[in-house]
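*Asks:* Dropping in target_21.txt, which is compact mmCIF, C-alpha atoms:
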# COMPACT_ATOMS: atom_id res chain seq x y z
CA MET O 1 97.62 45.16 -30.04
CA LEU O 2 94.97 45.46 -27.32
CA LEU O 3 96.17 42.23 -25.69
CA LYS O 4 99.79 43.40 -25.69
CA LEU O 5 98.88 46.83 -24.35
CA SER O 6 96.78 45.31 -21.55
CA TRP O 7 99.61 42.99 -20.53
CA LYS O 8 102.04 45.92 -20.30
CA ASN O 9 99.56 47.99 -18.31
CA ILE O 10 99.18 45.46 -15.48
CA TRP O 11 102.95 45.50 -14.86
CA ARG O 12 103.25 49.27 -14.76
CA SER O 13 102.40 49.09 -11.07
CA LYS O 14 104.00 45.79 -10.11
CA LEU O 15 103.20 45.99 -6.41
CA ARG O 16 99.51 46.64 -6.96
CA SER O 17 99.21 43.85 -9.54
CA LEU O 18 101.09 41.43 -7.30
CA VAL O 19 98.72 42.24 -4.43
CA VAL O 20 95.73 41.38 -6.63
CA ILE O 21 97.42 38.22 -7.91
CA GLY O 22 98.30 37.27 -4.34
CA SER O 23 94.69 37.75 -3.22
CA ILE O 24 93.49 35.56 -6.10
CA ILE O 25 96.02 32.86 -5.15
CA MET O 26 95.00 32.93 -1.49
CA GLY O 27 91.31 33.03 -2.39
CA ILE O 28 91.61 29.93 -4.55
CA TRP O 29 93.76 28.19 -1.93
CA ALA O 30 91.23 29.01 0.80
CA MET O 31 88.34 27.65 -1.26
CA ILE O 32 90.15 24.40 -2.10
CA PHE O 33 91.49 23.91 1.43
CA GLY O 34 88.11 24.71 3.00
CA ASN O 35 86.41 22.31 0.61
CA GLY O 36 88.94 19.59 1.39
CA PHE O 37 88.74 20.11 5.14
CA MET O 38 84.94 19.97 5.25
CA ASN O 39 84.91 16.99 2.90
CA GLY O 40 87.32 15.29 5.28
CA PHE O 41 84.79 15.60 8.10
CA ILE O 42 81.81 14.35 6.11
CA VAL O 43 83.74 11.55 4.35
CA SER O 44 85.14 10.38 7.70
CA TYR O 45 81.72 10.37 9.35
CA MET O 46 79.96 8.65 6.44
CA ALA O 47 82.76 6.12 5.94
CA ASN O 48 82.61 5.15 9.62
CA SER O 49 78.84 4.76 9.49
CA ILE O 50 78.74 2.79 6.23
CA ASN O 51 81.87 0.68 6.58
CA HIS O 52 81.60 -0.15 10.27
CA ASP O 53 77.86 -0.15 10.91
CA ILE O 54 75.01 0.10 8.41
CA SER O 55 76.81 -1.02 5.19
CA HIS O 56 75.53 0.01 1.76
CA ILE O 57 72.42 -2.20 1.75
CA GLN O 58 70.36 -3.98 4.40
CA VAL O 59 67.70 -6.65 4.01
CA HIS O 60 64.95 -7.34 6.59
CA HIS O 61 61.54 -8.90 6.93
CA PRO O 62 59.03 -6.13 6.02
CA GLU O 63 57.55 -6.19 9.53
CA PHE O 64 60.83 -6.34 11.45
CA LYS O 65 61.78 -2.68 10.97
CA ARG O 66 58.46 -1.61 12.44
CA ASP O 67 58.20 -3.84 15.53
CA GLN O 68 61.69 -5.33 15.99
CA GLU O 69 60.06 -8.61 17.00
CA VAL O 70 62.22 -11.73 17.03
CA LYS O 71 59.71 -13.78 15.03
CA TYR O 72 60.12 -11.63 11.90
CA ASN O 73 63.13 -13.23 10.22
CA VAL O 74 64.47 -13.18 6.66
CA GLU O 75 63.41 -16.44 5.05
CA SER O 76 66.44 -18.54 4.03
CA GLY O 77 68.60 -15.55 4.95
CA ILE O 78 71.86 -17.49 5.34
CA GLN O 79 71.47 -19.07 1.89
CA LYS O 80 70.58 -15.71 0.34
CA ALA O 81 73.66 -14.07 1.85
CA ALA O 82 75.88 -16.84 0.46
CA GLU O 83 74.49 -16.23 -3.03
CA ILE O 84 74.82 -12.44 -2.76
CA ARG O 85 78.55 -12.79 -2.05
CA SER O 86 79.04 -14.12 -5.57
CA TRP O 87 77.44 -11.08 -7.27
CA ASN O 88 79.59 -8.60 -9.18
CA GLY O 89 80.27 -5.44 -7.19
CA VAL O 90 79.61 -7.07 -3.80
CA VAL O 91 82.58 -7.03 -1.43
CA GLY O 92 80.84 -8.99 1.29
CA ALA O 93 77.51 -9.93 2.84
CA THR O 94 76.92 -10.92 6.45
CA THR O 95 73.92 -12.10 8.45
CA ARG O 96 72.85 -10.86 11.86
CA THR O 97 70.44 -11.93 14.56
CA LEU O 98 69.06 -8.92 16.40
CA VAL O 99 67.18 -8.38 19.64
CA THR O 100 66.68 -5.38 21.91
CA GLY O 101 67.57 -6.01 25.52
CA MET O 102 69.67 -4.96 28.46
CA ILE O 103 73.25 -5.57 29.55
CA SER O 104 74.05 -5.56 33.27
CA SER O 105 77.25 -5.52 35.25
CA PRO O 106 77.57 -5.74 39.04
CA ARG O 107 77.56 -1.92 39.07
CA LYS O 108 75.28 -0.68 36.28
CA ALA O 109 72.86 -1.64 33.50
CA SER O 110 72.15 -0.20 30.07
CA GLY O 111 69.66 -0.72 27.24
CA VAL O 112 71.33 -2.02 24.06
CA GLN O 113 70.75 -3.81 20.78
CA ILE O 114 72.21 -7.31 21.03
CA ARG O 115 73.68 -8.49 17.73
CA GLY O 116 74.41 -12.10 16.99
CA ILE O 117 76.95 -12.00 14.18
CA ASP O 118 78.58 -14.36 11.71
CA THR O 119 82.05 -13.49 12.98
CA GLU O 120 83.94 -14.35 9.80
CA ASN O 121 81.69 -12.50 7.35
CA GLU O 122 81.09 -9.62 9.76
CA ALA O 123 84.83 -8.99 9.67
CA GLU O 124 84.65 -8.87 5.85
CA VAL O 125 81.77 -6.40 5.82
CA THR O 126 82.41 -4.09 8.80
CA ARG O 127 86.02 -4.95 9.69
CA LEU O 128 84.82 -5.24 13.26
CA ASP O 129 87.87 -7.32 14.15
CA SER O 130 90.16 -4.40 13.25
CA LEU O 131 88.37 -2.12 15.74
CA ILE O 132 89.22 -4.19 18.79
CA GLY O 133 91.20 -1.89 21.09
CA GLU O 134 91.48 -4.27 24.03
CA GLY O 135 91.14 -8.03 24.24
CA THR O 136 90.36 -10.27 21.28
CA TYR O 137 87.73 -10.83 18.62
CA PHE O 138 85.64 -13.59 20.31
CA GLU O 139 88.75 -15.53 21.30
CA GLU O 140 90.13 -16.86 24.61
CA ILE O 141 86.63 -17.21 26.09
CA ASN O 142 84.79 -20.41 25.26
CA ARG O 143 81.28 -19.80 26.62
CA ASN O 144 79.29 -16.81 25.38
CA PRO O 145 82.13 -14.38 24.54
CA ILE O 146 80.87 -10.82 24.21
CA VAL O 147 82.31 -7.75 22.46
CA ILE O 148 81.19 -4.25 23.44
CA GLY O 149 82.21 -0.64 22.75
CA SER O 150 84.58 1.39 24.89
CA LYS O 151 81.91 3.90 25.96
CA LEU O 152 79.59 1.12 27.07
CA ALA O 153 82.45 -0.60 28.94
CA GLU O 154 83.18 2.68 30.68
CA ASN O 155 79.53 3.17 31.62
CA LEU O 156 79.25 -0.38 32.96
CA GLN O 157 82.66 -0.13 34.64
CA VAL O 158 83.82 -3.43 33.16
CA GLY O 159 86.97 -4.65 31.43
CA ILE O 160 88.30 -7.72 29.62
CA LYS O 161 86.95 -11.01 31.07
CA SER O 162 84.44 -9.15 33.24
CA LYS O 163 81.16 -10.98 33.69
CA VAL O 164 77.98 -9.38 32.34
CA VAL O 165 74.35 -10.52 32.03
CA LEU O 166 72.18 -10.01 28.94
CA THR O 167 68.41 -9.84 29.38
CA PHE O 168 65.92 -10.11 26.48
CA ASN O 169 62.72 -11.83 25.33
CA ASP O 170 63.01 -14.98 23.21
CA VAL O 171 60.82 -15.91 20.24
CA ASN O 172 58.01 -17.02 22.59
CA GLY O 173 58.12 -13.82 24.62
CA THR O 174 59.81 -15.48 27.57
CA LEU O 175 62.23 -13.31 29.52
CA THR O 176 65.70 -14.81 29.09
CA GLN O 177 68.96 -14.05 30.85
CA VAL O 178 72.36 -15.05 29.46
CA SER O 179 75.64 -14.58 31.29
CA GLY O 180 78.87 -14.07 29.39
CA ARG O 181 82.30 -12.50 29.64
CA ILE O 182 83.85 -9.57 27.81
CA ALA O 183 86.24 -10.93 25.16
CA GLY O 184 86.99 -7.61 23.43
CA ILE O 185 86.35 -3.88 23.65
CA ILE O 186 85.82 -1.85 20.47
CA LYS O 187 87.60 1.48 20.05
CA SER O 188 85.70 3.52 17.47
CA SER O 189 84.43 7.04 16.93
CA SER O 190 81.04 5.59 15.91
CA LEU O 191 78.44 6.42 18.55
CA SER O 192 76.45 3.25 17.87
CA LEU O 193 79.47 0.94 18.11
CA GLY O 194 80.72 2.77 21.17
CA GLU O 195 77.68 2.51 23.41
CA SER O 196 74.61 1.04 21.71
CA TYR O 197 75.58 -2.45 20.48
CA VAL O 198 76.55 -5.70 22.15
CA PHE O 199 78.02 -8.39 19.88
CA MET O 200 77.70 -12.14 20.38
CA ARG O 201 78.36 -15.11 18.16
CA GLN O 202 75.29 -15.74 16.01
CA GLU O 203 74.91 -19.36 17.05
CA ASP O 204 74.98 -18.40 20.76
CA LEU O 205 72.27 -15.74 20.46
CA SER O 206 70.10 -17.77 18.03
CA ARG O 207 70.11 -20.71 20.43
CA GLN O 208 68.99 -18.54 23.34
CA LEU O 209 66.27 -16.92 21.21
CA GLY O 210 65.01 -20.30 19.96
CA ILE O 211 65.46 -19.42 16.27
CA GLU O 212 68.41 -21.57 15.22
CA GLY O 213 69.08 -21.20 11.49
CA ASN O 214 67.11 -17.94 11.15
CA ILE O 215 68.42 -14.38 10.90
CA HIS O 216 66.93 -10.88 10.99
CA GLU O 217 69.28 -8.88 8.82
CA ILE O 218 71.57 -9.18 5.81
CA ALA O 219 74.16 -6.39 5.53
CA ILE O 220 75.85 -5.92 2.14
CA LEU O 221 79.05 -3.98 1.49
CA LEU O 222 79.74 -2.87 -2.09
CA GLY O 223 82.89 -1.99 -3.97
CA PRO O 224 83.80 1.59 -4.92
CA GLN O 225 81.77 3.22 -7.69
CA VAL O 226 79.05 0.54 -7.43
CA ASP O 227 75.53 2.01 -7.41
CA PRO O 228 73.60 0.43 -4.49
CA GLN O 229 70.36 0.70 -6.44
CA THR O 230 71.61 -1.79 -9.07
CA ILE O 231 72.18 -4.40 -6.35
CA VAL O 232 68.79 -3.60 -4.79
CA ASP O 233 67.08 -4.13 -8.16
CA LYS O 234 68.94 -7.41 -8.67
CA TYR O 235 67.94 -8.63 -5.22
CA LYS O 236 64.29 -7.76 -5.79
CA SER O 237 64.30 -9.57 -9.12
CA GLU O 238 65.69 -12.77 -7.58
CA PHE O 239 64.16 -12.77 -4.09
CA LYS O 240 60.62 -11.67 -3.34
CA GLY O 241 58.95 -10.38 -0.21
CA ASP O 242 61.90 -8.84 1.65
CA LEU O 243 62.47 -5.21 2.55
CA VAL O 244 65.66 -4.06 0.79
CA GLU O 245 67.04 -0.59 1.58
CA THR O 246 70.09 1.43 0.59
CA TRP O 247 72.13 3.38 3.16
CA GLU O 248 70.28 6.56 2.18
CA GLU O 249 66.97 4.96 3.21
CA ILE O 250 68.39 3.32 6.32
CA ALA O 251 70.09 6.49 7.56
CA PRO O 252 68.51 9.51 5.81
CA GLN O 253 70.41 11.78 8.21
CA LEU O 254 73.63 10.85 6.39
CA ALA O 255 72.20 11.91 3.02
CA TYR O 256 70.87 15.10 4.62
CA MET O 257 74.26 15.81 6.18
CA GLN O 258 75.94 15.28 2.81
CA ASP O 259 73.59 17.82 1.20
CA LEU O 260 74.04 20.24 4.09
CA TYR O 261 77.82 20.14 3.85
CA GLY O 262 77.56 20.65 0.09
CA SER O 263 75.47 23.77 0.66
CA MET O 264 77.92 25.04 3.28
CA LEU O 265 80.77 24.64 0.81
CA TYR O 266 79.01 26.83 -1.72
CA VAL O 267 78.32 29.41 0.98
CA LEU O 268 82.02 29.40 1.88
CA MET O 269 82.99 29.83 -1.77
CA GLY O 270 80.46 32.63 -2.14
CA ILE O 271 81.92 34.52 0.85
CA ILE O 272 85.49 34.21 -0.43
CA LEU O 273 84.54 35.21 -3.99
CA THR O 274 82.55 38.19 -2.70
CA ALA O 275 85.58 39.43 -0.77
CA LEU O 276 87.72 38.84 -3.85
CA VAL O 277 85.43 40.77 -6.17
CA PHE O 278 85.54 43.85 -3.93
CA GLY O 279 89.33 43.64 -3.85
CA ILE O 280 89.45 43.53 -7.64
CA ILE O 281 87.02 46.43 -7.98
CA ASN O 282 89.06 48.55 -5.57
CA THR O 283 92.37 47.81 -7.30
CA MET O 284 91.15 48.29 -10.86
CA LEU O 285 89.25 51.46 -9.92
CA MET O 286 92.46 52.91 -8.48
CA ALA O 287 94.28 51.95 -11.70
CA VAL O 288 91.63 53.71 -13.79
CA LEU O 289 91.61 56.88 -11.66
CA GLU O 290 95.41 57.10 -11.80
CA ARG O 291 95.34 56.81 -15.60
CA MET O 292 92.48 59.22 -16.34
CA LYS O 293 94.71 61.59 -18.31
CA GLU O 294 96.22 58.72 -20.28
CA LEU O 295 92.80 57.20 -21.04
CA GLY O 296 91.50 60.60 -22.10
CA MET O 297 94.41 60.99 -24.51
CA LEU O 298 93.79 57.50 -25.98
CA MET O 299 90.16 58.35 -26.62
CA ALA O 300 91.14 61.76 -28.02
CA VAL O 301 93.40 60.14 -30.64
CA GLY O 302 90.70 57.73 -31.76
CA MET O 303 90.49 54.73 -29.40
CA THR O 304 86.82 53.86 -29.14
CA ARG O 305 85.05 53.49 -25.83
CA ILE O 306 84.43 49.79 -26.46
CA ARG O 307 88.17 49.22 -26.92
CA VAL O 308 88.91 51.08 -23.68
CA PHE O 309 86.29 48.94 -21.96
CA LEU O 310 87.84 45.75 -23.37
CA MET O 311 91.33 46.87 -22.36
CA ILE O 312 90.31 47.23 -18.70
CA MET O 313 88.48 43.89 -18.80
CA ILE O 314 91.47 42.12 -20.38
CA GLU O 315 93.83 43.56 -17.77
CA THR O 316 91.68 42.07 -15.00
CA ILE O 317 91.41 38.72 -16.77
CA TYR O 318 95.20 38.67 -17.14
CA LEU O 319 95.50 39.00 -13.37
CA GLY O 320 93.23 35.96 -13.03
CA VAL O 321 95.19 34.03 -15.66
CA VAL O 322 98.40 34.59 -13.69
CA GLY O 323 96.92 33.95 -10.23
CA ALA O 324 94.53 31.07 -10.89
CA PRO O 325 97.08 28.37 -11.87
CA LEU O 326 99.30 29.25 -8.91
CA GLY O 327 96.33 29.14 -6.52
CA LEU O 328 95.14 25.83 -7.94
CA LEU O 329 98.62 24.34 -7.67
CA LEU O 330 99.04 25.52 -4.08
CA GLY O 331 95.60 24.20 -3.11
CA TRP O 332 96.17 20.86 -4.83
CA ALA O 333 99.58 20.44 -3.18
CA THR O 334 98.21 21.29 0.28
CA VAL O 335 95.25 18.91 0.05
CA ASN O 336 97.35 16.05 -1.34
CA TYR O 337 100.00 16.47 1.36
CA LEU O 338 97.42 16.51 4.14
CA ASN O 339 95.47 13.64 2.57
CA HIS O 340 98.61 11.50 2.63
CA ASP O 341 99.64 12.22 6.22
CA GLY O 342 96.31 13.29 7.69
CA VAL O 343 95.54 16.22 9.99
CA ASP O 344 96.14 15.21 13.60
CA LEU O 345 93.26 16.48 15.74
CA THR O 346 93.93 14.24 18.74
CA ALA O 347 93.98 17.30 20.98
CA TYR O 348 90.25 17.56 20.27
CA SER O 349 89.60 13.79 20.03
CA GLU O 350 87.19 13.64 22.95
CA GLY O 351 84.94 16.32 21.50
CA LEU O 352 85.18 14.93 17.95
CA GLU O 353 84.37 11.37 19.03
CA ALA O 354 81.34 12.66 20.90
CA PHE O 355 79.94 13.59 17.48
CA GLY O 356 81.19 10.47 15.70
CA TYR O 357 84.26 11.96 13.96
CA ASP O 358 87.76 10.51 13.78
CA SER O 359 90.63 12.41 15.38
CA ILE O 360 92.72 12.01 12.20
CA LEU O 361 91.23 13.96 9.32
CA TYR O 362 92.04 13.29 5.66
CA PRO O 363 91.07 16.26 3.45
CA TYR O 364 89.69 15.35 0.03
CA VAL O 365 88.69 17.44 -2.98
CA ALA O 366 86.77 16.05 -5.97
CA ASP O 367 88.27 16.79 -9.39
CA GLU O 368 85.28 18.82 -10.52
CA VAL O 369 85.79 21.27 -7.63
CA TYR O 370 89.02 22.55 -9.23
CA LEU O 371 87.07 23.38 -12.38
CA ILE O 372 84.26 25.04 -10.42
CA VAL O 373 86.75 27.15 -8.47
CA THR O 374 88.57 28.20 -11.66
CA ILE O 375 85.33 29.24 -13.36
CA GLY O 376 84.24 31.05 -10.20
CA VAL O 377 87.45 33.07 -10.05
CA PHE O 378 87.28 34.13 -13.70
CA VAL O 379 83.60 35.08 -13.36
CA THR O 380 84.54 37.07 -10.25
CA ALA O 381 87.37 38.82 -12.10
CA PHE O 382 85.02 39.63 -14.97
CA VAL O 383 82.33 41.01 -12.66
CA GLY O 384 84.90 42.95 -10.64
CA ALA O 385 86.23 44.64 -13.78
CA ILE O 386 82.87 45.87 -15.06
CA TYR O 387 82.49 48.92 -12.79
CA PRO O 388 86.06 50.24 -13.28
CA ALA O 389 85.73 49.67 -17.04
CA LEU O 390 82.43 51.58 -17.10
CA LYS O 391 84.07 54.36 -15.09
CA ALA O 392 86.81 54.55 -17.72
CA ILE O 393 84.50 54.85 -20.74
CA ARG O 394 82.41 57.56 -19.09
CA LEU O 395 85.41 59.87 -19.15
CA LYS O 396 85.19 62.89 -21.38
CA PRO O 397 88.52 63.19 -23.28
CA VAL O 398 88.78 66.99 -22.91
CA GLU O 399 88.17 66.94 -19.15
CA ALA O 400 90.43 63.89 -18.66
CA LEU O 401 93.35 65.59 -20.42
CA HIS O 402 93.22 68.45 -17.91
CA LYS O 403 93.28 66.16 -14.87
CA ILE O 404 96.35 66.56 -12.68
With the file now loaded, output its structure as structure tokens.
*Replies:*
Amino acid sequence: MLLKLSWKNIWRSKLRSLVVIGSIIMGIWAMIFGNGFMNGFIVSYMANSINHDISHIQVHHPEFKRDQEVKYNVESGIQKAAEIRSWNGVVGATTRTLVTGMISSPRKASGVQIRGIDTENEAEVTRLDSLIGEGTYFEEINRNPIVIGSKLAENLQVGIKSKVVLTFNDVNGTLTQVSGRIAGIIKSSSLSLGESYVFMRQEDLSRQLGIEGNIHEIAILLGPQVDPQTIVDKYKSEFKGDLVETWEEIAPQLAYMQDLYGSMLYVLMGIILTALVFGIINTMLMAVLERMKELGMLMAVGMTRIRVFLMIMIETIYLGVVGAPLGLLLGWATVNYLNHDGVDLTAYSEGLEAFGYDSILYPYVADEVYLIVTIGVFVTAFVGAIYPALKAIRLKPVEALHKI
């Protein structure tokens, strides 16, 4: 009886109930859309960093990360990488020869990290070949082809087939200069790829460094849902003496950013739910004040205060039951539509790329967020109903019956 009475009560003032239901729908939609939009930014940034630069796992000589000296190479690194490629969960593994140096054009010079890469396996791990915006991926130039980022090309004022000079110290500490020509220019939102790296063929750089057959880094890309720590543990059990790090250790700022965005999402949800709870309190309090005479009569004929309290609470929960599914459906539909087509932010591409974000954003919401939002709305509805319900049970039947 109480359930039926509560259901009838919420439709006595259709407009007011629809306003509350509408606010619940828009609140849920705003939480889901905000979550998806912010996830789109962080997922885009992290995906660019992991898939096109640092990978999930990196292997180095223990001393190399500290001093970046050419002599600290990964022992039998090429053979180790070949074996790693056969492991379950590993999408690809590539080797790199690294040295810090300078790139010079006839107009300008810039400090960079010079990367000698295994071109075939690098394409498997970082898909570097797919990022070439101009020119080719180490093709059409026979002697020392070089690939650089678009920002670096702009700073050096060079283009395809322009001549540049690389300067660095070889394994003996001798200053070495290598001339080459630009084969390709990378177009990427990644700051490192855009202006900090110069790519050469591994055999070309190794020969100039005097370390043929040796490498400084193994980068490993894993499949989805593969825990990097399991591969790290496997590597350590099979190969001793190397420094093996996951992406969280290599780039702790990414893990920090992920946590920061997560906290911001909860702050956003808290703001929306707080606004929603005040809306519910205001609406239900108005409903109680308008029905003071009716509530007084119900208590006068024997309805207990606890039943009056429960009736007001159930009315509020009914509003949530009606609004929540519609809000969830609207939020889910919006996020899925935008995830399929993407949100075009090319009008702000220059500013976004300055911070390492793509100009096309793909909102994403984890499944558990829908459950969290649903629970949050019902808790909010419950909390918002408490004060109006308490106001109702504090009525004195005799006084309430004489209210105009």
*Asks:* Could you tell me how far atom CA of O:Leu328 sits from atom CA of O:Tyr370, in Å to one decimal place?
*Replies:*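 Between atom CA of O:Tyr370 and atom CA of O:Leu328 the gap works out to 7.1 Å.
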*Asks:* Rounded to one decimal in Å, what is the spacing between atom CA of O:Tyr137 and atom CA of O:Tyr362?
*Replies:*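 Computing the Euclidean distance for atom CA of O:Tyr137 and atom CA of O:Tyr362 yields 27.7 Å.
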*Asks:* Taking a cut-off of 9 Å and counting only C-alpha atoms, can you build a table that, for each residue of stretch 230-326 of chain O near stretch 61-65 of chain O, reports the nearest atom pair and how far apart they are in Å (one decimal), sorted by chain then residue number, as JSON lines?
*Replies:*
{"residue": "O:Gly241", "atom": "CA", "partner": "O:Pro62", "partner_atom": "CA", "distance": 7.5}
{"residue": "O:Asp242", "atom": "CA", "partner": "O:His61", "partner_atom": "CA", "distance": 5.3}
{"residue": "O:Leu243", "atom": "CA", "partner": "O:Pro62", "partner_atom": "CA", "distance": 5.0}
{"residue": "O:Val244", "atom": "CA", "partner": "O:Pro62", "partner_atom": "CA", "distance": 8.7}
*Asks:* Can you write out as CSV which residues of stretch 1-67 of chain O fall within 10 Å of stretch 270-282 of chain O, alongside each residue's closest atom pair and its distance in Å to one decimal, counting all atoms listed in the file and ordering rows by chain and ascending residue number?
*Replies:*
residue,atom,partner,partner_atom,distance
O:Ser17,CA,O:Ile280,CA,9.9
O:Val19,CA,O:Gly279,CA,9.5
O:Val20,CA,O:Ile280,CA,6.7
O:Ile21,CA,O:Ile280,CA,9.6
O:Ser23,CA,O:Leu276,CA,7.1
O:Ile24,CA,O:Leu276,CA,7.0
O:Met26,CA,O:Ile272,CA,9.7
O:Gly27,CA,O:Ile272,CA,6.3
O:Ile28,CA,O:Ile272,CA,8.5
O:Ala30,CA,O:Ile272,CA,7.8
O:Met31,CA,O:Ile272,CA,7.2
*Asks:* As an exercise, work out the distance from atom CA of O:His52 to atom CA of O:Val335 in Å and give it to one decimal place.
*Replies:*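 Between atom CA of O:His52 and atom CA of O:Val335 the gap works out to 25.6 Å.
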*Asks:* Give me, as CSV, the closest atom pair and its distance (Å, one decimal) for every residue of stretch 113-159 of chain O within a cut-off of 7 Å of stretch 94-106 of chain O, counting all atoms listed in the file, rows sorted by chain and rising number.
*Replies:*
residue,atom,partner,partner_atom,distance
O:Gln113,CA,O:Thr100,CA,4.5
O:Ile114,CA,O:Val99,CA,5.3
O:Arg115,CA,O:Leu98,CA,4.8
O:Gly116,CA,O:Thr97,CA,4.7
O:Ile117,CA,O:Arg96,CA,4.8
O:Asp118,CA,O:Thr95,CA,6.1
O:Asn121,CA,O:Thr94,CA,5.1
O:Glu122,CA,O:Thr94,CA,5.5
O:Val125,CA,O:Thr94,CA,6.7
O:Leu156,CA,O:Ser105,CA,6.0
*Asks:* Have a look at O:Leu285, O:Val112, O:Val232, O:Leu175 and name the one nearest to O:Ile312; count only C-alpha atoms.
*Replies:*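 For O:Ile312, the nearest of the candidates is O:Leu285.
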*Asks:* Considering only C-alpha atoms, can you say which of O:Arg16, O:Lys187, O:Arg307, O:Arg107 comes closest to O:Gly133?
*Replies:* O:Lys187
*Asks:* Select, from O:Thr246, O:Thr316, O:Ser76, O:Ser237, the residue with the minimum atom-to-atom distance to O:Asn214, counting only C-alpha atoms.
*Replies:*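 Of all the options, O:Ser76 lies closest to O:Asn214.
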*Asks:* Any idea what's packed within 12 Å of O:Ile231, counting only C-alpha atoms, ignoring anything in its chain fewer than 6 positions away? Could you give it as an MDAnalysis selection string?
*Replies:* chainID O and resid 56:59 84:91 93 220:223 237:239 244:246
*Asks:* Looking at O:Leu3, O:Val164, O:Ala287, O:Ala81, which one is nearest to O:His60, with distances taken over only C-alpha atoms?
*Replies:*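 Once distances to O:His60 are computed over only C-alpha atoms, the minimum belongs to O:Ala81.
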*Asks:* Pick from O:Gly213, O:Gly194, O:Gly184, O:Gly327: nearest to O:Glu140, with all atoms listed in the file counted?
*Replies:*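 Looking only at the distances to O:Glu140, the closest residue turns out to be O:Gly184.
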